[in-house]
file structure_39.txt (compact mmCIF, C-alpha atoms and all ligand atoms)
# COMPACT_ATOMS: atom_id res chain seq x y z
CA MET A 1088 11.92 36.27 -11.85
CA THR A 1089 11.63 38.66 -8.90
CA THR A 1090 12.71 37.64 -5.44
CA GLY A 1091 9.51 38.64 -3.61
CA ALA A 1092 7.99 35.63 -1.84
CA SER A 1093 4.69 36.12 -3.67
CA ALA A 1094 6.35 35.67 -7.10
CA LEU A 1095 8.17 32.46 -6.12
CA PRO A 1096 6.76 29.02 -6.92
CA THR A 1097 5.23 27.05 -4.05
CA PRO A 1098 6.79 23.63 -3.35
CA GLY A 1099 3.98 21.95 -5.29
CA GLU A 1100 4.51 24.26 -8.28
CA ALA A 1101 8.28 23.75 -8.12
CA GLU A 1102 7.87 19.96 -8.02
CA ALA A 1103 5.54 20.15 -11.05
CA LEU A 1104 8.17 22.22 -12.93
CA VAL A 1105 10.82 19.64 -12.08
CA ARG A 1106 8.67 16.72 -13.25
CA GLU A 1107 7.78 18.57 -16.45
CA ARG A 1108 11.32 19.57 -17.40
CA VAL A 1109 13.48 16.52 -16.64
CA GLN A 1110 14.40 14.20 -19.53
CA PRO A 1111 13.66 10.44 -19.52
CA LEU A 1112 16.62 8.10 -19.01
CA PRO A 1113 17.51 5.54 -21.69
CA VAL A 1114 16.00 2.05 -21.65
CA GLU A 1115 18.21 -0.98 -20.97
CA SER A 1116 17.65 -4.71 -20.61
CA ARG A 1117 18.65 -6.13 -17.21
CA PRO A 1118 18.52 -9.65 -15.73
CA LEU A 1119 15.89 -10.52 -13.12
CA GLU A 1120 18.51 -10.63 -10.34
CA SER A 1121 19.23 -6.91 -10.65
CA LEU A 1122 15.73 -5.51 -11.09
CA ALA A 1123 14.72 -4.65 -7.50
CA GLY A 1124 13.77 -0.97 -7.39
CA ALA A 1125 14.03 -0.47 -11.18
CA VAL A 1126 11.22 1.08 -13.22
CA LEU A 1127 9.69 -1.05 -15.97
CA ALA A 1128 9.91 0.35 -19.52
CA GLN A 1129 7.71 -2.31 -21.10
CA SER A 1130 4.35 -3.88 -20.34
CA VAL A 1131 4.16 -7.51 -19.23
CA ARG A 1132 1.37 -9.96 -20.01
CA SER A 1133 0.66 -13.33 -18.46
CA GLU A 1134 2.51 -16.12 -20.29
CA ARG A 1135 -0.10 -18.73 -19.27
CA ASP A 1136 -3.24 -19.05 -17.23
CA GLN A 1137 -2.40 -18.57 -13.56
CA PRO A 1138 -2.46 -21.10 -11.99
CA PRO A 1139 -1.58 -22.91 -15.21
CA PHE A 1140 -3.47 -26.08 -14.14
CA ASN A 1141 -5.92 -27.12 -11.43
CA ARG A 1142 -3.45 -27.05 -8.56
CA VAL A 1143 -3.72 -29.16 -5.40
CA THR A 1144 -3.37 -26.87 -2.35
CA MET A 1145 -3.10 -29.43 0.48
CA ASP A 1146 -1.27 -32.72 0.98
CA GLY A 1147 -4.04 -35.32 1.06
CA ILE A 1148 -6.11 -37.55 -1.18
CA ALA A 1149 -7.88 -36.66 -4.41
CA PHE A 1150 -11.08 -38.37 -5.51
CA ALA A 1151 -14.41 -37.72 -7.26
CA SER A 1152 -16.82 -35.67 -5.11
CA LEU A 1153 -19.71 -37.46 -6.80
CA ALA A 1154 -18.71 -40.64 -4.94
CA TRP A 1155 -18.83 -38.71 -1.64
CA ARG A 1156 -22.30 -37.36 -2.53
CA ASP A 1157 -23.39 -40.95 -3.10
CA GLY A 1158 -22.34 -41.79 0.46
CA ARG A 1159 -18.80 -43.17 0.05
CA ARG A 1160 -16.42 -42.36 2.96
CA SER A 1161 -13.52 -44.77 2.30
CA PHE A 1162 -11.36 -45.02 -0.79
CA ARG A 1163 -8.67 -47.47 -1.85
CA VAL A 1164 -5.39 -45.64 -2.45
CA ALA A 1165 -4.47 -46.35 -6.07
CA GLY A 1166 -1.27 -44.30 -6.41
CA THR A 1167 0.46 -40.99 -5.78
CA GLN A 1168 0.23 -37.73 -7.72
CA ALA A 1169 3.45 -35.81 -7.00
CA ALA A 1170 4.19 -32.16 -7.86
CA GLY A 1171 5.89 -31.78 -11.24
CA GLN A 1172 4.42 -35.02 -12.67
CA PRO A 1173 1.91 -35.26 -15.53
CA PRO A 1174 -1.66 -35.97 -14.37
CA LEU A 1175 -2.59 -39.55 -13.45
CA HIS A 1176 -6.00 -40.91 -14.33
CA LEU A 1177 -8.45 -42.21 -11.71
CA ALA A 1178 -10.96 -44.49 -13.38
CA ASP A 1179 -12.74 -46.04 -10.39
CA PRO A 1180 -14.77 -43.74 -8.06
CA ALA A 1181 -14.16 -46.22 -5.23
CA GLU A 1182 -10.49 -45.29 -5.38
CA CYS A 1183 -8.45 -42.19 -4.59
CA LEU A 1184 -4.94 -40.94 -5.31
CA GLU A 1185 -2.53 -39.52 -2.81
CA ALA A 1186 -1.97 -35.95 -3.98
CA MET A 1187 0.76 -33.50 -2.92
CA THR A 1188 0.58 -29.71 -2.62
CA GLY A 1189 1.52 -28.16 -5.95
CA ALA A 1190 0.57 -31.26 -7.96
CA VAL A 1191 -1.85 -31.15 -10.86
CA LEU A 1192 -5.30 -32.44 -9.90
CA PRO A 1193 -5.47 -35.98 -11.40
CA HIS A 1194 -8.02 -36.70 -14.12
CA GLY A 1195 -11.19 -38.22 -12.71
CA CYS A 1196 -10.80 -36.28 -9.42
CA ASP A 1197 -12.33 -32.92 -8.49
CA CYS A 1198 -11.54 -32.47 -4.77
CA VAL A 1199 -8.82 -32.98 -2.18
CA VAL A 1200 -9.20 -33.90 1.49
CA PRO A 1201 -6.13 -33.13 3.63
CA VAL A 1202 -4.24 -35.83 5.53
CA GLU A 1203 -5.33 -34.23 8.82
CA ARG A 1204 -8.93 -35.25 8.08
CA LEU A 1205 -8.40 -38.95 7.30
CA ARG A 1206 -6.67 -42.11 8.43
CA VAL A 1207 -5.22 -44.89 6.23
CA GLU A 1208 -5.66 -48.57 7.19
CA ASP A 1209 -4.44 -51.39 4.93
CA GLY A 1210 -4.28 -49.16 1.89
CA ILE A 1211 -7.78 -47.75 2.48
CA ALA A 1212 -8.22 -44.02 3.24
CA ILE A 1213 -11.13 -43.41 5.64
CA VAL A 1214 -12.32 -39.79 5.60
CA GLU A 1215 -13.92 -38.07 8.63
CA ASP A 1216 -17.64 -37.78 8.16
CA ASP A 1217 -17.91 -34.00 8.71
CA VAL A 1218 -15.48 -32.87 5.99
CA PRO A 1219 -17.40 -30.36 3.78
CA VAL A 1220 -16.56 -32.14 0.54
CA GLU A 1221 -17.66 -30.37 -2.63
CA PRO A 1222 -16.21 -29.89 -6.15
CA PHE A 1223 -12.85 -28.06 -6.11
CA LEU A 1224 -12.36 -28.35 -2.34
CA ASN A 1225 -8.63 -27.52 -1.79
CA VAL A 1226 -8.06 -26.98 -5.50
CA HIS A 1227 -6.73 -23.65 -6.89
CA THR A 1228 -8.50 -23.72 -10.24
CA ARG A 1229 -6.74 -22.99 -13.52
CA GLY A 1230 -6.87 -19.32 -14.61
CA LEU A 1231 -8.45 -18.11 -11.35
CA ASP A 1232 -5.74 -15.45 -10.71
CA ALA A 1233 -5.00 -14.42 -14.31
CA ARG A 1234 -5.74 -15.55 -17.87
CA GLU A 1235 -3.10 -16.04 -20.55
CA GLY A 1236 -2.44 -12.65 -22.18
CA ASP A 1237 -3.81 -10.55 -19.30
CA LEU A 1238 -1.88 -7.30 -18.70
CA LEU A 1239 -0.07 -7.87 -15.40
CA LEU A 1240 2.48 -5.02 -15.26
CA ALA A 1241 2.23 -1.62 -16.94
CA ARG A 1242 5.13 0.57 -18.07
CA GLY A 1243 6.26 2.84 -15.26
CA THR A 1244 5.79 0.24 -12.52
CA ARG A 1245 8.54 0.28 -9.89
CA LEU A 1246 9.61 -3.31 -9.33
CA GLY A 1247 9.31 -4.73 -5.82
CA ALA A 1248 9.19 -8.35 -4.72
CA PRO A 1249 5.66 -9.17 -6.05
CA GLU A 1250 6.42 -7.60 -9.45
CA ILE A 1251 9.68 -9.53 -9.79
CA ALA A 1252 7.84 -12.78 -8.99
CA VAL A 1253 5.36 -11.95 -11.77
CA LEU A 1254 8.20 -11.33 -14.27
CA ALA A 1255 9.76 -14.68 -13.42
CA SER A 1256 6.37 -16.41 -13.67
CA ALA A 1257 5.87 -14.84 -17.11
CA GLY A 1258 9.02 -16.63 -18.31
CA MET A 1259 11.11 -13.46 -18.53
CA PRO A 1260 14.77 -13.85 -17.51
CA ARG A 1261 15.29 -10.14 -18.37
CA ALA A 1262 13.18 -7.01 -18.60
CA ASP A 1263 13.47 -3.56 -20.15
CA VAL A 1264 13.86 -0.92 -17.47
CA ARG A 1265 15.03 2.68 -17.27
CA ALA A 1266 18.76 3.06 -16.73
CA GLU A 1267 19.82 4.09 -13.24
CA PRO A 1268 20.73 7.79 -13.27
CA ARG A 1269 24.43 8.66 -13.00
CA ILE A 1270 24.46 11.16 -10.17
CA VAL A 1271 27.25 13.33 -8.81
CA ILE A 1272 26.96 15.16 -5.49
CA VAL A 1273 29.17 18.24 -5.51
CA ALA A 1274 29.85 19.94 -2.18
CA THR A 1275 30.99 23.55 -2.50
CA GLY A 1276 32.65 25.60 0.21
CA ASP A 1277 36.19 26.61 1.24
CA GLU A 1278 35.34 25.86 4.88
CA LEU A 1279 34.52 22.17 4.34
CA VAL A 1280 36.84 19.37 5.47
CA ALA A 1281 36.40 15.63 4.87
CA PRO A 1282 35.74 13.39 7.90
CA ASP A 1283 39.24 11.86 7.67
CA GLU A 1284 41.25 15.09 7.40
CA PRO A 1285 42.78 17.31 10.12
CA ILE A 1286 40.49 20.25 10.89
CA ALA A 1287 41.02 23.82 12.16
CA ALA A 1288 38.74 25.60 14.64
CA TRP A 1289 37.19 27.76 11.89
CA GLN A 1290 36.46 24.89 9.52
CA VAL A 1291 33.49 22.48 9.44
CA ARG A 1292 33.16 18.84 8.50
CA ARG A 1293 31.70 18.09 5.10
CA SER A 1294 28.59 16.15 6.12
CA ASN A 1295 25.95 16.92 3.47
CA SER A 1296 27.39 14.69 0.78
CA TYR A 1297 27.24 11.69 3.08
CA ALA A 1298 23.69 12.43 4.22
CA LEU A 1299 22.46 12.93 0.66
CA ARG A 1300 24.23 9.79 -0.56
CA GLY A 1301 22.62 7.88 2.32
CA ALA A 1302 19.13 9.10 1.42
CA LEU A 1303 19.70 8.18 -2.25
CA SER A 1304 21.12 4.80 -1.35
CA LEU A 1305 18.07 4.02 0.81
CA ARG A 1306 15.96 4.64 -2.32
CA GLY A 1307 18.06 2.28 -4.46
CA TYR A 1308 20.24 4.87 -6.25
CA GLN A 1309 23.78 3.52 -6.14
CA ARG A 1310 25.52 5.17 -9.11
CA VAL A 1311 26.56 8.17 -7.05
CA ALA A 1312 29.90 9.95 -7.37
CA GLU A 1313 31.15 12.76 -5.16
CA ASP A 1314 33.26 15.87 -5.52
CA HIS A 1315 34.24 18.83 -3.35
CA LEU A 1316 34.96 22.18 -4.96
CA PRO A 1317 36.21 25.50 -3.58
CA ASP A 1318 34.26 28.78 -3.84
CA ASP A 1319 36.20 29.69 -6.96
CA HIS A 1320 34.43 30.64 -10.18
CA ALA A 1321 37.06 29.25 -12.56
CA VAL A 1322 37.51 25.93 -10.73
CA LEU A 1323 33.74 25.48 -10.45
CA ALA A 1324 33.30 26.17 -14.19
CA ASP A 1325 36.04 23.74 -15.14
CA ARG A 1326 34.93 20.85 -12.90
CA LEU A 1327 31.18 21.29 -13.48
CA ALA A 1328 31.76 21.20 -17.26
CA ALA A 1329 33.45 17.81 -16.75
CA HIS A 1330 30.59 16.56 -14.54
CA LEU A 1331 28.02 17.68 -17.11
CA ALA A 1332 29.79 15.50 -19.68
CA THR A 1333 29.67 12.35 -17.53
CA HIS A 1334 26.51 12.54 -15.39
CA ASP A 1335 22.75 12.67 -15.83
CA VAL A 1336 22.20 14.50 -12.56
CA ILE A 1337 24.32 17.05 -10.69
CA VAL A 1338 23.34 17.83 -7.12
CA LEU A 1339 25.34 20.77 -5.77
CA THR A 1340 25.23 21.84 -2.15
CA GLY A 1341 26.08 25.37 -1.04
CA GLY A 1342 26.89 28.49 -2.96
CA VAL A 1343 23.38 29.32 -4.22
CA SER A 1344 22.53 32.18 -1.83
CA MET A 1345 23.31 35.90 -2.08
CA GLY A 1346 26.83 35.83 -0.58
CA ARG A 1347 29.88 37.27 -2.39
CA TYR A 1348 31.24 33.72 -2.92
CA ASP A 1349 27.96 32.10 -3.99
CA HIS A 1350 29.05 31.48 -7.59
CA VAL A 1351 26.92 28.44 -8.45
CA PRO A 1352 24.03 30.12 -10.36
CA SER A 1353 26.35 32.28 -12.51
CA VAL A 1354 28.70 29.36 -13.28
CA LEU A 1355 25.80 27.12 -14.31
CA ARG A 1356 24.41 29.86 -16.55
CA GLN A 1357 27.84 30.24 -18.15
CA LEU A 1358 27.92 26.47 -18.85
CA GLY A 1359 24.61 26.66 -20.72
CA VAL A 1360 22.43 25.21 -17.97
CA THR A 1361 18.98 26.82 -18.37
CA GLU A 1362 17.53 28.09 -15.10
CA VAL A 1363 13.98 26.83 -14.47
CA PHE A 1364 13.66 28.36 -11.02
CA HIS A 1365 15.84 29.97 -8.40
CA LYS A 1366 14.19 30.11 -4.97
CA VAL A 1367 10.98 28.50 -3.79
CA ALA A 1368 8.48 30.00 -1.32
CA GLN A 1369 9.51 27.64 1.47
CA ARG A 1370 11.44 27.47 4.71
CA PRO A 1371 14.02 26.08 5.04
CA GLY A 1372 15.74 25.77 1.65
CA LYS A 1373 14.35 28.91 -0.01
CA PRO A 1374 17.48 29.58 -2.20
CA ILE A 1375 17.22 26.24 -4.10
CA TRP A 1376 18.20 26.45 -7.79
CA PHE A 1377 17.02 24.09 -10.54
CA GLY A 1378 17.93 23.96 -14.22
CA ILE A 1379 18.36 21.75 -17.28
CA GLY A 1380 21.79 21.29 -18.92
CA PRO A 1381 22.53 21.59 -22.64
CA ALA A 1382 22.20 17.81 -23.14
CA GLY A 1383 19.13 17.51 -20.89
CA GLN A 1384 21.08 16.97 -17.65
CA THR A 1385 19.18 17.61 -14.41
CA VAL A 1386 20.98 20.18 -12.24
CA PHE A 1387 20.08 21.13 -8.68
CA GLY A 1388 21.81 23.71 -6.54
CA LEU A 1389 20.75 22.96 -2.98
CA PRO A 1390 21.43 25.40 -0.16
CA GLY A 1391 24.38 24.30 1.95
CA ASN A 1392 22.75 24.29 5.35
CA PRO A 1393 22.42 20.63 6.30
CA VAL A 1394 18.68 20.64 7.09
CA SER A 1395 17.93 22.59 3.90
CA SER A 1396 19.93 20.34 1.62
CA LEU A 1397 18.39 17.13 2.97
CA VAL A 1398 14.84 18.49 2.86
CA CYS A 1399 15.34 19.76 -0.71
CA LEU A 1400 16.80 16.44 -1.82
CA LEU A 1401 13.71 14.57 -0.66
CA ARG A 1402 11.19 17.16 -1.81
CA TYR A 1403 12.65 17.80 -5.33
CA VAL A 1404 15.62 15.60 -6.29
CA VAL A 1405 13.95 12.27 -5.45
CA PRO A 1406 10.80 13.17 -7.48
CA ALA A 1407 13.09 14.31 -10.32
CA LEU A 1408 14.85 10.91 -10.36
CA SER A 1409 11.46 9.17 -10.35
CA ALA A 1410 10.26 11.30 -13.26
CA MET A 1411 13.50 10.62 -15.18
CA GLN A 1412 12.79 6.92 -14.74
CA THR A 1413 9.20 7.63 -15.95
CA ALA A 1414 7.86 5.97 -12.80
CA GLN A 1415 4.13 6.29 -12.19
CA PRO A 1416 3.88 8.97 -9.45
CA ARG A 1417 2.71 7.55 -6.14
CA PRO A 1418 0.52 9.52 -3.73
CA ALA A 1419 2.38 11.03 -0.76
CA GLU A 1420 1.89 9.45 2.63
CA HIS A 1421 -0.29 11.77 4.78
CA VAL A 1422 -0.11 11.87 8.57
CA PRO A 1423 -2.02 14.11 11.04
CA LEU A 1424 -0.06 16.50 13.24
CA GLY A 1425 0.11 15.16 16.80
CA ALA A 1426 0.24 18.71 18.26
CA ALA A 1427 -0.78 22.19 17.13
CA PHE A 1428 1.93 24.21 15.37
CA LYS A 1429 2.34 27.92 14.62
CA VAL A 1430 4.32 29.30 11.64
CA LYS A 1431 4.84 32.58 9.78
CA PRO A 1432 2.17 32.55 7.07
CA GLU A 1433 3.93 33.66 3.86
CA LEU A 1434 6.09 30.56 3.17
CA ALA A 1435 5.45 26.83 3.07
CA TYR A 1436 7.11 25.22 6.07
CA PHE A 1437 9.01 21.93 6.21
CA LEU A 1438 8.67 20.71 9.77
CA PRO A 1439 10.82 17.82 11.07
CA VAL A 1440 8.65 15.25 12.85
CA GLN A 1441 8.80 12.07 14.80
CA VAL A 1442 6.12 9.57 13.82
CA GLU A 1443 4.41 8.17 16.91
CA HIS A 1444 1.30 6.20 17.76
CA SER A 1445 -1.49 8.12 19.49
CA PRO A 1446 -4.34 6.17 21.13
CA THR A 1447 -6.95 8.55 19.64
CA LEU A 1448 -5.48 9.53 16.24
CA GLY A 1449 -3.42 6.47 15.30
CA LEU A 1450 -0.11 7.37 13.63
CA VAL A 1451 0.73 11.05 14.22
CA ALA A 1452 3.58 13.40 13.30
CA MET A 1453 5.01 15.08 16.42
CA PRO A 1454 6.74 18.43 15.62
CA ARG A 1455 10.46 18.50 16.49
CA LEU A 1456 11.97 21.95 16.16
CA THR A 1457 15.53 22.60 15.02
CA ARG A 1458 17.50 25.69 15.96
CA GLY A 1459 17.52 26.81 12.35
CA SER A 1460 18.56 25.07 9.16
CA GLY A 1461 22.17 24.61 10.33
CA ASP A 1462 21.07 22.42 13.26
CA PHE A 1463 21.18 18.89 11.95
CA ILE A 1464 21.82 17.44 15.42
CA SER A 1465 18.12 18.05 16.24
CA LEU A 1466 17.11 15.81 13.36
CA LEU A 1467 18.35 12.80 15.35
CA GLY A 1468 15.36 10.63 16.25
CA THR A 1469 13.08 12.23 13.67
CA ASP A 1470 11.57 10.21 10.83
CA GLY A 1471 11.29 12.92 8.19
CA PHE A 1472 9.38 16.16 7.73
CA VAL A 1473 5.85 17.25 6.93
CA GLU A 1474 4.97 20.08 4.56
CA LEU A 1475 2.71 22.81 5.93
CA PRO A 1476 1.26 25.02 3.16
CA PRO A 1477 1.65 28.82 3.11
CA GLY A 1478 -1.34 30.77 4.41
CA PRO A 1479 -2.54 29.71 7.83
CA ARG A 1480 -0.55 30.79 10.88
CA ASP A 1481 -1.99 28.14 13.18
CA PHE A 1482 -2.12 24.48 12.25
CA PRO A 1483 -4.34 22.52 14.64
CA CYS A 1484 -3.56 19.12 16.09
CA GLY A 1485 -4.94 16.63 13.54
CA HIS A 1486 -4.02 18.74 10.48
CA LEU A 1487 -3.32 16.19 7.73
CA ALA A 1488 0.07 16.83 6.08
CA PRO A 1489 2.20 15.00 3.48
CA LEU A 1490 5.10 13.19 5.13
CA TYR A 1491 8.52 12.86 3.51
CA ARG A 1492 10.68 10.26 5.24
CA TRP A 1493 14.45 10.76 5.48
P1 LIG A 1501 26.05 28.08 1.81
O1 LIG A 1501 24.74 27.57 1.26
O2 LIG A 1501 27.21 27.73 0.94
O3 LIG A 1501 25.95 29.52 2.12
O4 LIG A 1501 26.27 27.31 3.18
C1 LIG A 1501 25.37 27.49 4.25
C2 LIG A 1501 25.90 26.84 5.50
O5 LIG A 1501 25.94 25.43 5.33
C3 LIG A 1501 27.31 27.25 5.88
O6 LIG A 1501 27.38 27.36 7.29
C4 LIG A 1501 28.16 26.09 5.40
O7 LIG A 1501 29.35 25.95 6.12
C5 LIG A 1501 27.25 24.93 5.62
N1 LIG A 1501 27.55 23.87 4.65
C6 LIG A 1501 27.63 24.01 3.32
N2 LIG A 1501 27.94 22.84 2.73
C7 LIG A 1501 28.05 21.93 3.72
C8 LIG A 1501 28.35 20.53 3.74
N3 LIG A 1501 28.59 19.84 2.61
N4 LIG A 1501 28.37 19.91 4.93
C9 LIG A 1501 28.12 20.60 6.06
N5 LIG A 1501 27.82 21.90 6.09
C10 LIG A 1501 27.79 22.58 4.94
MG MG A 1502 29.14 28.14 0.86

call {"tool": "encode", "arguments": {"input": "structure_39.txt", "output": "structure tokens"}}
result
Amino acid sequence: MTTGASALPTPGEAEALVRERVQPLPVESRPLESLAGAVLAQSVRSERDQPPFNRVTMDGIAFASLAWRDGRRSFRVAGTQAAGQPPLHLADPAECLEAMTGAVLPHGCDCVVPVERLRVEDGIAIVEDDVPVEPFLNVHTRGLDAREGDLLLARGTRLGAPEIAVLASAGMPRADVRAEPRIVIVATGDELVAPDEPIAAWQVRRSNSYALRGALSLRGYQRVAEDHLPDDHAVLADRLAAHLATHDVIVLTGGVSMGRYDHVPSVLRQLGVTEVFHKVAQRPGKPIWFGIGPAGQTVFGLPGNPVSSLVCLLRYVVPALSAMQTAQPRPAEHVPLGAAFKVKPELAYFLPVQVEHSPTLGLVAMPRLTRGSGDFISLLGTDGFVELPPGPRDFPCGHLAPLYRW
């Protein structure tokens, strides 16, 4: 592949290559309690009709609406239908049963009037005259939401609170989901020093690993290890071989550019990692490297500059993890620019933004410039970045752009 910008993939093309090339993670069975954020690897059908019976939705009295139609407004209370009890039987239309929310509608009854609309004197319930009584008033009828055997969850669904409720309601204490990827973040660079170590004037703190781990953690990825390696070909080869043996995903930062000590691409090649692309027509983060290891491992070499590495993680690594989990892709959130913005036309541009509310446009993305890709301090207060496509020089206020949140 040449290095001319015109020959490089666009971000959209690069993302498509990533999604196409990554390998699916194995399937495992996990208990309901640990399924939040996991991706379903099986389909789920309704165990029963939902609701499973005609369900009372208000605390009140249940009776036959036919009696009301015939002019009856007071009913002798013949008993109580509590939630969790088998249905009682009301034989006499002059009577009613107390009925609780969540109870099955008693036999012989077809409506419920709430306690707020009646008074009880000497065991007789007297209903207000203007209650709009009709069949199934305040009754959630059996099978209204789903029928037994209906497909409720498809493979590839990411499980949030509603989906987990559906699994539980389908009588499933466990579900088959994709395993969580084992990820290692590998910082490279002789100049990097951990936050808890003494530091010289010419050294810098190692911050990328923490930022990337934070972004992954916010998306539910917790199996994340870390390493820090020097700019040394032999050490890199040795340690990366070990990481390839124990991880599904390697995310390197630094060492992928054209410098004398940027060994990452040649080391990965030596270890049998097949290059899919090196460089994307974008700014920042143009030197990004992506390849597939000999056992199908996903390997990213992200540029070391802090803004570049974070942007590349969200634009490529997060979609790669989703694809490995075979999650159904979700459409990107789009937000209009809150101010016009000018860029050089030949590369896609990742622009940090603050999401604000504008009285005329609703939610807008306000451009927040950094002083280059090394300036992560300027990201403070921003919500993420928008992607501006290559081509136009001037993007007007209102230009609709995909938003990637930090
Ligand atoms: P590189 O991509 O290795 O050429 O690094 C580009 C710039 O990013 C250099 O100024 C590095 O010092 C800086 N850098 C690389 N890795 C990190 C890191 N983990 N944390 C903070 N800065 C980094
Ligand atoms: Mg470096």

call {"tool": "residues_near_ligand", "arguments": {"input": "structure_39.txt", "ligand": "ligand LIG 1501 (chain A)", "cutoff": "6 Å", "atoms": "all atoms listed in the file", "output": "ChimeraX atom specification"}}
result
/A:1274,1276,1292-1296,1340-1344,1390-1393

call {"tool": "residues_around", "arguments": {"input": "structure_39.txt", "residues": "Leu1177 (chain A)", "least_positions_apart": "2", "cutoff": "7 Å", "atoms": "all atoms listed in the file", "output": "PyMOL selection string"}}
result
chain A and resi 1175+1179+1193-1196

call {"tool": "residues_around", "arguments": {"input": "structure_39.txt", "residues": "Arg1135 (chain A)", "least_positions_apart": "4", "cutoff": "10 Å", "atoms": "all atoms listed in the file", "output": "PyMOL selection string"}}
result
chain A and resi 1139-1140+1229-1230+1233-1237+1256-1258

call {"tool": "atom_distance", "arguments": {"input": "structure_39.txt", "atom1": "CA of Ile1211 (chain A)", "atom2": "CA of Ala1165 (chain A)"}}
result
9.3 Å

call {"tool": "closest_residue", "arguments": {"input": "structure_39.txt", "among": "A:Cys1198, A:Leu1448, A:Leu1119, A:Leu1316", "to": "ligand MG 1502 (chain A)", "atoms": "all atoms listed in the file"}}
result
A:Leu1316

call {"tool": "residues_around", "arguments": {"input": "structure_39.txt", "residues": "Ala1103 (chain A)", "least_positions_apart": "3", "cutoff": "12 Å", "atoms": "only C-alpha atoms", "output": "list in words"}}
result
Pro1096, Thr1097, Pro1098, Gly1099, Glu1100, Arg1106, Glu1107, Arg1108, Val1109, Val1363, Phe1364, Arg1402, Tyr1403, Pro1406, Ala1407, Ala1410 and Pro1416 of chain A

call {"tool": "residues_around", "arguments": {"input": "structure_39.txt", "residues": "Val1253 (chain A)", "least_positions_apart": "2", "cutoff": "10 Å", "atoms": "only C-alpha atoms", "output": "list in words"}}
result
Val1131, Arg1132, Ser1133, Glu1134, Leu1239, Leu1240, Leu1246, Ala1248, Pro1249, Glu1250, Ile1251, Ala1255, Ser1256, Ala1257, Gly1258 and Met1259 of chain A
